[in-house]
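File shown here: protein.cif, holding mmCIF, C-alpha atoms and all ligand atoms.
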data_input
loop_
_atom_site.label_atom_id
_atom_site.label_comp_id
_atom_site.auth_asym_id
_atom_site.auth_seq_id
_atom_site.Cartn_x
_atom_site.Cartn_y
_atom_site.Cartn_z
CA MET A 1246 146.60 113.12 43.78
CA ALA A 1247 148.54 115.87 42.02
CA SER A 1248 148.93 119.31 43.55
CA LEU A 1249 147.59 122.40 41.83
CA THR A 1250 150.99 123.38 40.48
CA ARG A 1251 151.93 119.83 39.52
CA SER A 1252 148.73 119.61 37.52
CA LEU A 1253 149.79 122.41 35.15
CA PRO A 1254 151.72 120.16 32.72
CA LEU A 1255 148.62 118.01 32.36
CA LEU A 1256 146.77 121.02 31.05
CA ARG A 1257 149.31 121.50 28.30
CA SER A 1258 148.57 118.15 26.71
CA LYS A 1259 146.65 118.21 23.44
CA PRO A 1260 143.67 115.94 22.75
CA PRO A 1261 144.67 112.69 21.06
CA ALA A 1262 144.94 112.66 17.26
CA PHE A 1263 142.12 111.13 15.23
CA ASN A 1264 141.98 107.41 15.83
CA PRO A 1265 139.80 105.33 13.49
CA LYS A 1266 139.41 102.61 16.15
CA ILE A 1267 137.93 105.12 18.60
CA TYR A 1268 135.74 106.58 15.86
CA ARG A 1269 134.28 103.15 15.05
CA TYR A 1270 133.64 102.61 18.72
CA THR A 1271 131.93 105.96 19.34
CA SER A 1272 129.87 105.82 16.17
CA LYS A 1273 128.48 102.49 17.37
CA ARG A 1274 127.94 103.76 20.89
CA HIS A 1275 125.24 106.28 20.08
CA LEU A 1276 123.06 103.41 18.82
CA GLY A 1277 122.88 102.22 22.42
CA ILE A 1278 121.42 105.45 23.78
CA PRO A 1279 117.66 105.20 24.34
CA PRO A 1280 116.07 107.89 22.10
CA ALA A 1281 114.43 109.59 25.08
CA TYR A 1282 117.90 110.39 26.47
CA LEU A 1283 119.64 111.36 23.24
CA LEU A 1284 120.24 115.09 22.70
CA ASP A 1285 120.92 116.65 19.29
CA ASP A 1286 122.92 119.45 20.85
CA TYR A 1287 123.26 121.06 24.25
CA ILE A 1288 123.63 124.60 25.63
CA PRO A 1289 124.61 124.74 29.33
CA ARG A 1290 121.91 126.08 31.61
CA TYR A 1291 124.06 128.94 32.92
CA GLN A 1292 124.30 130.31 29.37
CA LEU A 1293 120.50 130.57 29.24
CA LEU A 1294 120.15 132.50 32.51
CA SER A 1295 118.92 136.08 32.10
CA SER A 1296 121.22 138.87 33.32
CA ILE A 1297 118.59 139.84 35.93
CA ASP A 1298 118.53 136.29 37.34
CA ALA A 1299 122.33 136.22 37.29
CA SER A 1300 122.47 139.45 39.37
CA LYS A 1301 119.93 138.06 41.83
CA LYS A 1302 122.07 134.96 42.29
CA ARG A 1303 125.17 137.07 42.93
CA SER A 1304 123.38 139.08 45.66
CA LEU A 1305 121.98 135.95 47.24
CA ALA A 1306 125.40 134.29 47.29
CA TYR A 1307 126.89 137.22 49.28
CA ALA A 1308 123.88 137.28 51.63
CA HIS A 1309 124.34 133.58 52.43
CA LEU A 1310 128.01 134.13 53.24
CA GLN A 1311 127.07 136.78 55.80
CA ASN A 1312 124.76 134.41 57.68
CA CYS A 1313 125.76 130.91 56.64
CA ASN A 1314 123.01 128.34 56.99
CA LEU A 1315 123.79 126.99 53.58
CA CYS A 1316 124.32 123.39 54.52
CA PRO A 1317 122.51 121.27 57.11
CA ARG A 1318 125.13 122.16 59.78
CA ARG A 1319 123.44 125.60 59.96
CA CYS A 1320 126.34 127.40 61.70
CA GLY A 1321 124.60 130.80 61.33
CA ILE A 1322 127.89 132.73 61.20
CA ASN A 1323 129.28 135.57 59.11
CA ARG A 1324 131.96 133.84 57.06
CA PHE A 1325 133.71 137.16 56.35
CA HIS A 1326 134.71 137.18 60.06
CA GLU A 1327 134.81 133.56 61.25
CA THR A 1328 134.64 129.98 60.01
CA GLY A 1329 132.10 127.27 60.76
CA MET A 1330 132.35 123.50 60.78
CA CYS A 1331 133.61 123.40 57.18
CA LEU A 1332 136.60 125.62 58.19
CA ILE A 1333 136.33 127.74 55.02
CA GLY A 1334 135.80 131.52 54.98
CA ALA A 1335 134.00 133.77 52.49
CA GLU A 1336 136.33 135.44 50.05
CA THR A 1337 138.03 132.37 48.65
CA ALA A 1338 137.55 128.64 48.33
CA LYS A 1339 140.40 126.31 49.20
CA VAL A 1340 141.28 124.01 46.31
CA ASN A 1341 143.52 120.96 46.48
CA THR A 1342 143.78 119.93 42.83
CA ILE A 1343 142.61 121.17 39.43
CA ALA A 1344 143.22 118.87 36.47
CA PRO A 1345 141.62 116.86 33.68
CA HIS A 1346 140.57 113.70 35.51
CA ARG A 1347 140.01 110.22 34.12
CA GLY A 1348 138.73 108.51 37.22
CA GLU A 1349 135.03 109.23 36.68
CA GLU A 1350 132.27 107.33 34.87
CA PRO A 1351 132.95 106.98 31.09
CA CYS A 1352 130.07 109.32 30.19
CA ILE A 1353 131.56 112.02 32.47
CA GLN A 1354 135.28 111.62 31.77
CA GLY A 1355 134.81 111.01 28.03
CA PHE A 1356 137.93 111.02 25.88
CA HIS A 1357 139.78 114.08 27.22
CA GLY A 1358 138.86 113.86 30.88
CA SER A 1359 136.54 115.69 33.23
CA GLY A 1360 137.78 119.13 34.34
CA SER A 1361 137.89 118.36 38.03
CA VAL A 1362 138.22 120.86 40.83
CA PHE A 1363 138.80 119.12 44.18
CA PHE A 1364 137.83 121.44 47.01
CA SER A 1365 139.56 121.11 50.39
CA GLY A 1366 137.43 120.86 53.51
CA CYS A 1367 134.03 119.21 53.86
CA ASN A 1368 130.83 119.64 55.84
CA MET A 1369 130.81 115.92 56.68
CA ARG A 1370 133.06 113.76 58.85
CA CYS A 1371 132.75 110.27 57.31
CA VAL A 1372 135.01 107.89 59.24
CA PHE A 1373 135.75 105.94 56.03
CA CYS A 1374 136.38 108.99 53.81
CA GLN A 1375 138.08 107.82 50.59
CA ASN A 1376 139.50 111.33 50.07
CA HIS A 1377 140.42 112.19 53.65
CA ASP A 1378 143.76 113.77 52.76
CA ILE A 1379 141.81 116.46 50.90
CA ALA A 1380 138.51 116.64 52.74
CA HIS A 1381 139.60 116.75 56.36
CA LYS A 1382 142.70 118.91 56.08
CA LYS A 1383 143.04 122.57 55.23
CA ALA A 1384 145.79 121.96 52.68
CA GLY A 1385 145.34 123.66 49.33
CA HIS A 1386 145.37 126.95 47.46
CA ASP A 1387 143.02 129.83 48.24
CA LEU A 1388 141.30 130.95 45.05
CA THR A 1389 138.80 133.77 44.60
CA PRO A 1390 135.71 133.11 42.44
CA THR A 1391 137.34 134.98 39.55
CA GLU A 1392 140.53 132.91 39.84
CA LEU A 1393 138.42 129.76 39.89
CA ALA A 1394 136.63 130.94 36.73
CA GLU A 1395 140.00 131.48 35.04
CA TRP A 1396 140.91 127.87 35.85
CA TYR A 1397 137.63 126.64 34.35
CA MET A 1398 138.58 128.52 31.18
CA LYS A 1399 142.04 126.90 31.16
CA LEU A 1400 140.48 123.48 31.57
CA GLN A 1401 138.17 124.22 28.64
CA THR A 1402 140.63 125.80 26.23
CA VAL A 1403 143.89 124.01 27.10
CA GLY A 1404 142.66 120.75 28.63
CA HIS A 1405 139.75 120.31 26.16
CA VAL A 1406 137.78 118.65 28.94
CA HIS A 1407 134.10 117.72 28.56
CA ASN A 1408 132.81 119.48 31.66
CA ILE A 1409 133.77 121.32 34.86
CA ASN A 1410 133.44 118.83 37.69
CA LEU A 1411 133.11 120.46 41.14
CA VAL A 1412 134.09 117.81 43.68
CA THR A 1413 132.87 118.17 47.31
CA PRO A 1414 131.59 121.73 46.84
CA GLU A 1415 128.71 121.68 49.40
CA HIS A 1416 130.47 124.09 51.79
CA VAL A 1417 131.59 126.60 49.12
CA VAL A 1418 128.39 126.96 47.10
CA PRO A 1419 128.36 130.80 47.16
CA GLN A 1420 131.94 130.97 45.86
CA VAL A 1421 131.07 128.34 43.24
CA VAL A 1422 127.98 130.28 42.11
CA LEU A 1423 130.05 133.46 41.70
CA SER A 1424 132.75 131.56 39.80
CA ILE A 1425 130.27 130.05 37.32
CA LEU A 1426 128.76 133.49 36.66
CA ASP A 1427 132.24 134.95 36.10
CA ALA A 1428 133.17 132.07 33.78
CA ARG A 1429 129.99 132.49 31.74
CA ASP A 1430 131.06 136.08 31.06
CA MET A 1431 134.52 134.81 30.06
CA GLY A 1432 133.03 132.37 27.50
CA LEU A 1433 132.70 129.04 29.29
CA LYS A 1434 130.49 126.71 27.27
CA ILE A 1435 130.80 123.23 28.76
CA PRO A 1436 128.41 121.67 31.32
CA ILE A 1437 128.86 122.10 35.06
CA VAL A 1438 128.89 118.91 37.18
CA TYR A 1439 128.03 119.20 40.89
CA ASN A 1440 129.67 116.18 42.56
CA THR A 1441 128.18 115.91 46.05
CA SER A 1442 127.68 113.74 49.15
CA SER A 1443 123.99 114.90 49.05
CA PHE A 1444 124.43 116.64 52.40
CA ASP A 1445 123.10 119.83 50.81
CA SER A 1446 120.35 122.18 51.94
CA LEU A 1447 117.41 123.14 49.75
CA ASP A 1448 118.52 126.80 49.95
CA SER A 1449 121.86 125.86 48.54
CA LEU A 1450 120.38 123.76 45.72
CA ARG A 1451 117.95 126.55 44.79
CA LEU A 1452 120.90 128.92 44.53
CA LEU A 1453 122.49 126.46 42.09
CA ASP A 1454 119.32 126.01 40.03
CA GLY A 1455 119.99 127.27 36.50
CA LEU A 1456 123.77 126.97 36.90
CA VAL A 1457 124.35 123.21 37.22
CA ASP A 1458 123.78 120.81 34.31
CA ILE A 1459 124.66 117.45 35.86
CA TYR A 1460 124.18 116.47 39.49
CA LEU A 1461 126.39 113.61 40.68
CA PRO A 1462 124.99 112.82 44.15
CA ASP A 1463 126.15 109.99 46.38
CA PHE A 1464 123.51 108.30 48.57
CA LYS A 1465 125.64 106.75 51.30
CA VAL A 1466 123.61 105.01 54.03
CA TRP A 1467 119.97 104.46 54.90
CA LYS A 1468 119.62 104.42 58.70
CA GLY A 1469 119.92 107.49 60.93
CA SER A 1470 121.90 105.44 63.46
CA THR A 1471 124.44 104.45 60.77
CA ALA A 1472 124.69 108.06 59.57
CA LYS A 1473 125.32 109.19 63.14
CA ARG A 1474 128.05 106.60 63.72
CA LEU A 1475 129.84 106.55 60.37
CA LEU A 1476 129.14 109.98 58.85
CA LYS A 1477 128.79 112.01 62.06
CA ALA A 1478 125.61 113.47 60.57
CA GLU A 1479 122.44 112.01 62.11
CA ASP A 1480 120.17 113.97 59.74
CA TYR A 1481 122.03 112.79 56.62
CA VAL A 1482 119.37 110.37 55.36
CA GLU A 1483 116.43 112.79 55.39
CA THR A 1484 118.66 115.52 53.95
CA ALA A 1485 119.89 113.29 51.13
CA LYS A 1486 116.35 112.23 50.22
CA GLU A 1487 115.18 115.83 50.01
CA SER A 1488 118.30 116.94 48.10
CA ILE A 1489 118.21 114.18 45.49
CA LYS A 1490 114.53 114.85 44.77
CA GLU A 1491 115.31 118.54 44.27
CA MET A 1492 118.29 117.76 41.98
CA HIS A 1493 116.09 115.52 39.85
CA ARG A 1494 113.35 118.15 39.75
CA GLN A 1495 115.87 120.62 38.33
CA VAL A 1496 117.61 118.54 35.63
CA GLY A 1497 115.71 115.23 35.24
CA ASP A 1498 117.15 111.91 34.07
CA LEU A 1499 120.62 111.71 32.55
CA SER A 1500 120.85 112.54 28.82
CA PHE A 1501 123.72 112.30 26.36
CA THR A 1502 124.81 113.64 23.00
CA SER A 1503 125.52 111.03 20.31
CA ASP A 1504 129.20 110.72 21.32
CA GLY A 1505 128.07 109.14 24.62
CA ILE A 1506 129.03 112.15 26.76
CA ALA A 1507 126.52 113.12 29.49
CA LYS A 1508 125.23 116.67 29.19
CA LYS A 1509 122.32 117.03 31.59
CA GLY A 1510 120.56 115.13 34.38
CA VAL A 1511 121.26 113.14 37.54
CA LEU A 1512 123.85 110.36 37.83
CA LEU A 1513 123.30 108.69 41.19
CA ARG A 1514 126.12 106.87 42.96
CA HIS A 1515 125.84 104.35 45.76
CA LEU A 1516 129.05 102.94 47.20
CA VAL A 1517 128.18 99.53 48.65
CA MET A 1518 129.61 99.29 52.17
CA PRO A 1519 130.74 96.10 53.96
CA GLY A 1520 127.93 94.67 56.07
CA LEU A 1521 125.49 97.37 54.95
CA GLU A 1522 123.97 95.56 51.99
CA ASP A 1523 120.47 95.85 53.50
CA GLU A 1524 120.81 99.62 53.65
CA GLY A 1525 121.90 99.63 50.00
CA ARG A 1526 118.78 97.64 49.09
CA GLU A 1527 116.57 100.18 50.86
CA ILE A 1528 118.29 103.05 49.07
CA VAL A 1529 117.78 101.65 45.56
CA ARG A 1530 114.13 100.80 46.33
CA TRP A 1531 113.51 104.31 47.60
CA LEU A 1532 115.14 105.83 44.50
CA ALA A 1533 112.96 103.80 42.15
CA GLU A 1534 109.77 104.64 44.01
CA ASN A 1535 110.42 108.28 44.87
CA VAL A 1536 112.80 109.74 42.29
CA SER A 1537 112.58 107.91 38.96
CA ARG A 1538 112.73 104.37 37.61
CA ASP A 1539 114.71 105.89 34.72
CA LEU A 1540 117.39 107.24 37.04
CA TYR A 1541 120.96 106.48 35.81
CA VAL A 1542 122.62 104.63 38.69
CA HIS A 1543 126.18 103.58 39.46
CA VAL A 1544 126.25 100.83 42.09
CA MET A 1545 129.89 101.05 43.16
CA GLU A 1546 132.03 98.24 44.55
CA GLN A 1547 135.36 99.99 45.13
CA TYR A 1548 135.07 100.67 48.87
CA ARG A 1549 138.47 100.23 50.47
CA PRO A 1550 139.21 100.25 54.18
CA ASP A 1551 142.00 102.69 54.94
CA ALA A 1552 144.40 102.04 57.76
CA TYR A 1553 142.90 104.81 59.84
CA VAL A 1554 139.46 103.13 59.98
CA ARG A 1555 138.85 102.40 63.66
CA TYR A 1556 135.43 100.89 63.08
CA LYS A 1557 135.88 97.13 62.90
CA GLU A 1558 132.64 96.41 61.07
CA ILE A 1559 133.75 98.35 57.97
CA ASN A 1560 137.44 97.49 58.11
CA ARG A 1561 137.31 95.10 55.18
CA ALA A 1562 136.59 95.15 51.44
CA VAL A 1563 133.09 94.64 50.07
CA ARG A 1564 132.23 91.07 49.07
CA GLU A 1565 131.02 90.29 45.57
CA GLU A 1566 127.70 88.95 46.91
CA GLU A 1567 127.08 92.17 48.85
CA TRP A 1568 127.47 94.26 45.69
CA SER A 1569 125.35 91.89 43.57
CA GLY A 1570 122.64 91.84 46.28
CA VAL A 1571 122.22 95.60 46.01
CA ARG A 1572 122.37 95.48 42.19
CA GLU A 1573 119.67 92.77 42.14
CA ALA A 1574 117.43 94.77 44.48
CA ALA A 1575 117.77 97.74 42.13
CA VAL A 1576 116.59 95.66 39.16
CA GLN A 1577 113.70 94.23 41.17
CA ALA A 1578 112.67 97.76 42.13
CA GLY A 1579 112.45 98.69 38.42
CA LEU A 1580 115.73 100.57 37.88
CA TRP A 1581 117.31 99.67 34.54
CA ARG A 1582 119.87 102.32 33.61
CA PHE A 1583 123.16 101.28 35.17
CA CYS A 1584 126.69 102.51 34.64
CA GLU A 1585 128.15 99.15 33.62
CA VAL A 1586 130.09 97.55 30.78
CA ASN A 1587 127.78 96.37 27.99
CA GLU A 1588 127.95 93.37 25.69
CA MET A 1589 129.99 95.29 23.10
CA GLY A 1590 132.69 96.26 25.57
CA GLY A 1591 131.39 99.84 25.84
CA PHE A 1592 129.17 101.24 28.56
CA HIS A 1593 125.40 101.24 28.93
CA LEU A 1594 124.04 104.74 28.38
S1 LIG B 1 128.71 125.77 54.72
FE1 LIG B 1 130.21 125.76 56.41
S2 LIG B 1 129.77 127.61 57.63
FE2 LIG B 1 127.99 127.25 56.27
S3 LIG B 1 126.54 126.07 57.51
FE3 LIG B 1 127.79 124.56 56.36
S4 LIG B 1 129.52 124.03 57.71
FE4 LIG B 1 128.57 125.92 58.52
#

Encoded form using structure tokens:
Amino acid sequence: MASLTRSLPLLRSKPPAFNPKIYRYTSKRHLGIPPAYLLDDYIPRYQLLSSIDASKKRSLAYAHLQNCNLCPRRCGINRFHETGMCLIGAETAKVNTIAPHRGEEPCIQGFHGSGSVFFSGCNMRCVFCQNHDIAHKKAGHDLTPTELAEWYMKLQTVGHVHNINLVTPEHVVPQVVLSILDARDMGLKIPIVYNTSSFDSLDSLRLLDGLVDIYLPDFKVWKGSTAKRLLKAEDYVETAKESIKEMHRQVGDLSFTSDGIAKKGVLLRHLVMPGLEDEGREIVRWLAENVSRDLYVHVMEQYRPDAYVRYKEINRAVREEEWSGVREAAVQAGLWRFCEVNEMGGFHL
């Protein structure tokens, strides 16, 4: 993972020159988008917000910082004077890396990358965290909302990215809200992606309503006992259910423009865990029955046990049959939109 300063050269790179091979590929791709999810054009939601609603959101963001119950940890503290479980104060957000990123789903990273902002700190304590060097340490740069907005603008104008992708932002939602409002005044015009563990509160999601275009929630485990042991958050499951429903209420199912780039909606991730295939099956069934059968889902197989994992039962890679068991349960439940390679070598949209 590059540091903030090391990422600067990446921002200087220009988009690739016209390539007829890519053009042929993209012009075919739009044929694969179901008409219901094909957009002619797209204006980000934050650009449509009235100035009165924008002012209300600013005031609310500051109020939350003075008595922070914004995530399910409900610390109830004034973040201008002390820090809660997330270890982050009020005036800045700590950021580990900002750069165009090509490690996301094809419809998010597109051709020029997703403009990713990796926040340091986290309101969760997953024992298998795949980003623990960022999430559980206070390393990073302190940026004010206005400085964050200036980085979004650099990502847009220099990096030519397709979106601003806020990674693990649950504990800095007020700062994020203020930064999006600042960036809208500076001329930002690409969608905002909120890339979350789903350990969000409804208050926090309502504050984001009208500012976020794409929600990228992860639904991790199904049982409260597993959440307590592996995530250190016993109330994770009920919180995730409530949060994902609210995200879907706000932006609906995932839609694309004809170039195959996602512009609005929910892209749900489930990382299949070793030995927890049954929980994965429950999750996909619940999503089909309670959120939408048209939900765009990425059933992920890339779990890797890191050396620091002290929990024997998850200290191995996921087996092929565990992943395919969850994928099959999703199909049986009626889900049909998966982030997977299609017959033409592109991706299903
Ligand atoms: S965002 Fe941080 S301070 Fe606020 S409730 Fe969550 S953990 Fe506590």

Within 9 Å of ligand LIG 1 (chain B), counting all atoms listed in the file: which residues, as a VMD selection string?
chain A and resid 1309 to 1310 1312 to 1324 1327 to 1334 1367 to 1369 1415 to 1418 1445 to 1446

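Of the residues under consideration (A:Cys1352, A:Tyr1556, A:Thr1389, A:Arg1561), A:Tyr1556 shows the shortest atom-to-atom contact distance to Arg1474 (chain A) when counting all atoms listed in the file.
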
Env of Trp1467 (chain A): 8 Å cut, atoms = all atoms listed in the file, seq-sep filter 6 positions within chain, self excluded. Answer as a PyMOL selection string.
chain A and resi 1482+1524-1525+1527-1528

Show which residues sit within 9 Å of region 1395-1409 of chain A, as a PyMOL selection string. Count only C-alpha atoms, and ignore same-chain residues fewer than 6 positions away.
chain A and resi 1255-1260+1343-1346+1353-1362+1424-1425+1427-1428+1431-1439+1506-1508

Would you mind reading off the distance between CA of Val1563 (chain A) and CA of Pro1550 (chain A), one decimal, in Å?
9.3 Å

Take region 1526-1551 of chain A, bring it up to N, CA and C atoms, and give me the output as a PDB file, keeping the file's coordinate frame.
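The new file rebuild.pdb reads:
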ATOM      1  N   ARG A1526     120.032  98.098  49.700  1.00  0.00           N
ATOM      2  CA  ARG A1526     118.780  97.640  49.090  1.00  0.00           C
ATOM      3  C   ARG A1526     117.665  98.647  49.316  1.00  0.00           C
ATOM      4  N   GLU A1527     117.605  99.172  50.544  1.00  0.00           N
ATOM      5  CA  GLU A1527     116.570 100.180  50.860  1.00  0.00           C
ATOM      6  C   GLU A1527     116.756 101.426  50.009  1.00  0.00           C
ATOM      7  N   ILE A1528     118.006 101.829  49.838  1.00  0.00           N
ATOM      8  CA  ILE A1528     118.290 103.050  49.070  1.00  0.00           C
ATOM      9  C   ILE A1528     117.817 102.897  47.623  1.00  0.00           C
ATOM     10  N   VAL A1529     118.166 101.789  46.978  1.00  0.00           N
ATOM     11  CA  VAL A1529     117.780 101.650  45.560  1.00  0.00           C
ATOM     12  C   VAL A1529     116.259 101.530  45.414  1.00  0.00           C
ATOM     13  N   ARG A1530     115.605 100.881  46.379  1.00  0.00           N
ATOM     14  CA  ARG A1530     114.130 100.800  46.330  1.00  0.00           C
ATOM     15  C   ARG A1530     113.521 102.183  46.437  1.00  0.00           C
ATOM     16  N   TRP A1531     114.043 102.961  47.392  1.00  0.00           N
ATOM     17  CA  TRP A1531     113.510 104.310  47.600  1.00  0.00           C
ATOM     18  C   TRP A1531     113.713 105.161  46.334  1.00  0.00           C
ATOM     19  N   LEU A1532     114.868 105.041  45.712  1.00  0.00           N
ATOM     20  CA  LEU A1532     115.140 105.830  44.500  1.00  0.00           C
ATOM     21  C   LEU A1532     114.142 105.499  43.396  1.00  0.00           C
ATOM     22  N   ALA A1533     113.894 104.207  43.214  1.00  0.00           N
ATOM     23  CA  ALA A1533     112.960 103.800  42.150  1.00  0.00           C
ATOM     24  C   ALA A1533     111.558 104.308  42.430  1.00  0.00           C
ATOM     25  N   GLU A1534     111.146 104.261  43.682  1.00  0.00           N
ATOM     26  CA  GLU A1534     109.770 104.640  44.010  1.00  0.00           C
ATOM     27  C   GLU A1534     109.564 106.133  44.154  1.00  0.00           C
ATOM     28  N   ASN A1535     110.611 106.855  44.530  1.00  0.00           N
ATOM     29  CA  ASN A1535     110.420 108.280  44.870  1.00  0.00           C
ATOM     30  C   ASN A1535     111.138 109.272  43.967  1.00  0.00           C
ATOM     31  N   VAL A1536     112.089 108.806  43.186  1.00  0.00           N
ATOM     32  CA  VAL A1536     112.800 109.740  42.290  1.00  0.00           C
ATOM     33  C   VAL A1536     112.432 109.399  40.840  1.00  0.00           C
ATOM     34  N   SER A1537     112.920 108.282  40.341  1.00  0.00           N
ATOM     35  CA  SER A1537     112.580 107.910  38.960  1.00  0.00           C
ATOM     36  C   SER A1537     113.084 106.495  38.688  1.00  0.00           C
ATOM     37  N   ARG A1538     112.262 105.700  38.020  1.00  0.00           N
ATOM     38  CA  ARG A1538     112.730 104.370  37.610  1.00  0.00           C
ATOM     39  C   ARG A1538     113.736 104.487  36.464  1.00  0.00           C
ATOM     40  N   ASP A1539     113.774 105.659  35.837  1.00  0.00           N
ATOM     41  CA  ASP A1539     114.710 105.890  34.720  1.00  0.00           C
ATOM     42  C   ASP A1539     116.000 106.566  35.192  1.00  0.00           C
ATOM     43  N   LEU A1540     116.181 106.620  36.492  1.00  0.00           N
ATOM     44  CA  LEU A1540     117.390 107.240  37.040  1.00  0.00           C
ATOM     45  C   LEU A1540     118.628 106.439  36.586  1.00  0.00           C
ATOM     46  N   TYR A1541     119.705 107.138  36.199  1.00  0.00           N
ATOM     47  CA  TYR A1541     120.960 106.480  35.810  1.00  0.00           C
ATOM     48  C   TYR A1541     121.764 106.247  37.087  1.00  0.00           C
ATOM     49  N   VAL A1542     122.053 104.979  37.378  1.00  0.00           N
ATOM     50  CA  VAL A1542     122.620 104.630  38.690  1.00  0.00           C
ATOM     51  C   VAL A1542     123.965 103.921  38.537  1.00  0.00           C
ATOM     52  N   HIS A1543     124.896 104.294  39.388  1.00  0.00           N
ATOM     53  CA  HIS A1543     126.180 103.580  39.460  1.00  0.00           C
ATOM     54  C   HIS A1543     126.269 102.918  40.833  1.00  0.00           C
ATOM     55  N   VAL A1544     126.084 101.593  40.845  1.00  0.00           N
ATOM     56  CA  VAL A1544     126.250 100.830  42.090  1.00  0.00           C
ATOM     57  C   VAL A1544     127.736 100.498  42.172  1.00  0.00           C
ATOM     58  N   MET A1545     128.420 101.120  43.132  1.00  0.00           N
ATOM     59  CA  MET A1545     129.890 101.050  43.160  1.00  0.00           C
ATOM     60  C   MET A1545     130.400  99.991  44.118  1.00  0.00           C
ATOM     61  N   GLU A1546     131.490  99.338  43.721  1.00  0.00           N
ATOM     62  CA  GLU A1546     132.030  98.240  44.550  1.00  0.00           C
ATOM     63  C   GLU A1546     133.426  98.542  45.076  1.00  0.00           C
ATOM     64  N   GLN A1547     133.938  99.761  44.838  1.00  0.00           N
ATOM     65  CA  GLN A1547     135.360  99.990  45.130  1.00  0.00           C
ATOM     66  C   GLN A1547     135.663 100.492  46.540  1.00  0.00           C
ATOM     67  N   TYR A1548     134.763 100.259  47.491  1.00  0.00           N
ATOM     68  CA  TYR A1548     135.070 100.670  48.870  1.00  0.00           C
ATOM     69  C   TYR A1548     136.384 100.012  49.315  1.00  0.00           C
ATOM     70  N   ARG A1549     137.237 100.806  49.931  1.00  0.00           N
ATOM     71  CA  ARG A1549     138.470 100.230  50.470  1.00  0.00           C
ATOM     72  C   ARG A1549     138.656 100.720  51.896  1.00  0.00           C
ATOM     73  N   PRO A1550     138.984  99.807  52.801  1.00  0.00           N
ATOM     74  CA  PRO A1550     139.210 100.250  54.180  1.00  0.00           C
ATOM     75  C   PRO A1550     140.594 100.855  54.289  1.00  0.00           C
ATOM     76  N   ASP A1551     140.693 102.078  54.742  1.00  0.00           N
ATOM     77  CA  ASP A1551     142.000 102.690  54.940  1.00  0.00           C
ATOM     78  C   ASP A1551     142.503 102.339  56.330  1.00  0.00           C
TER      79      ASP A1551
END
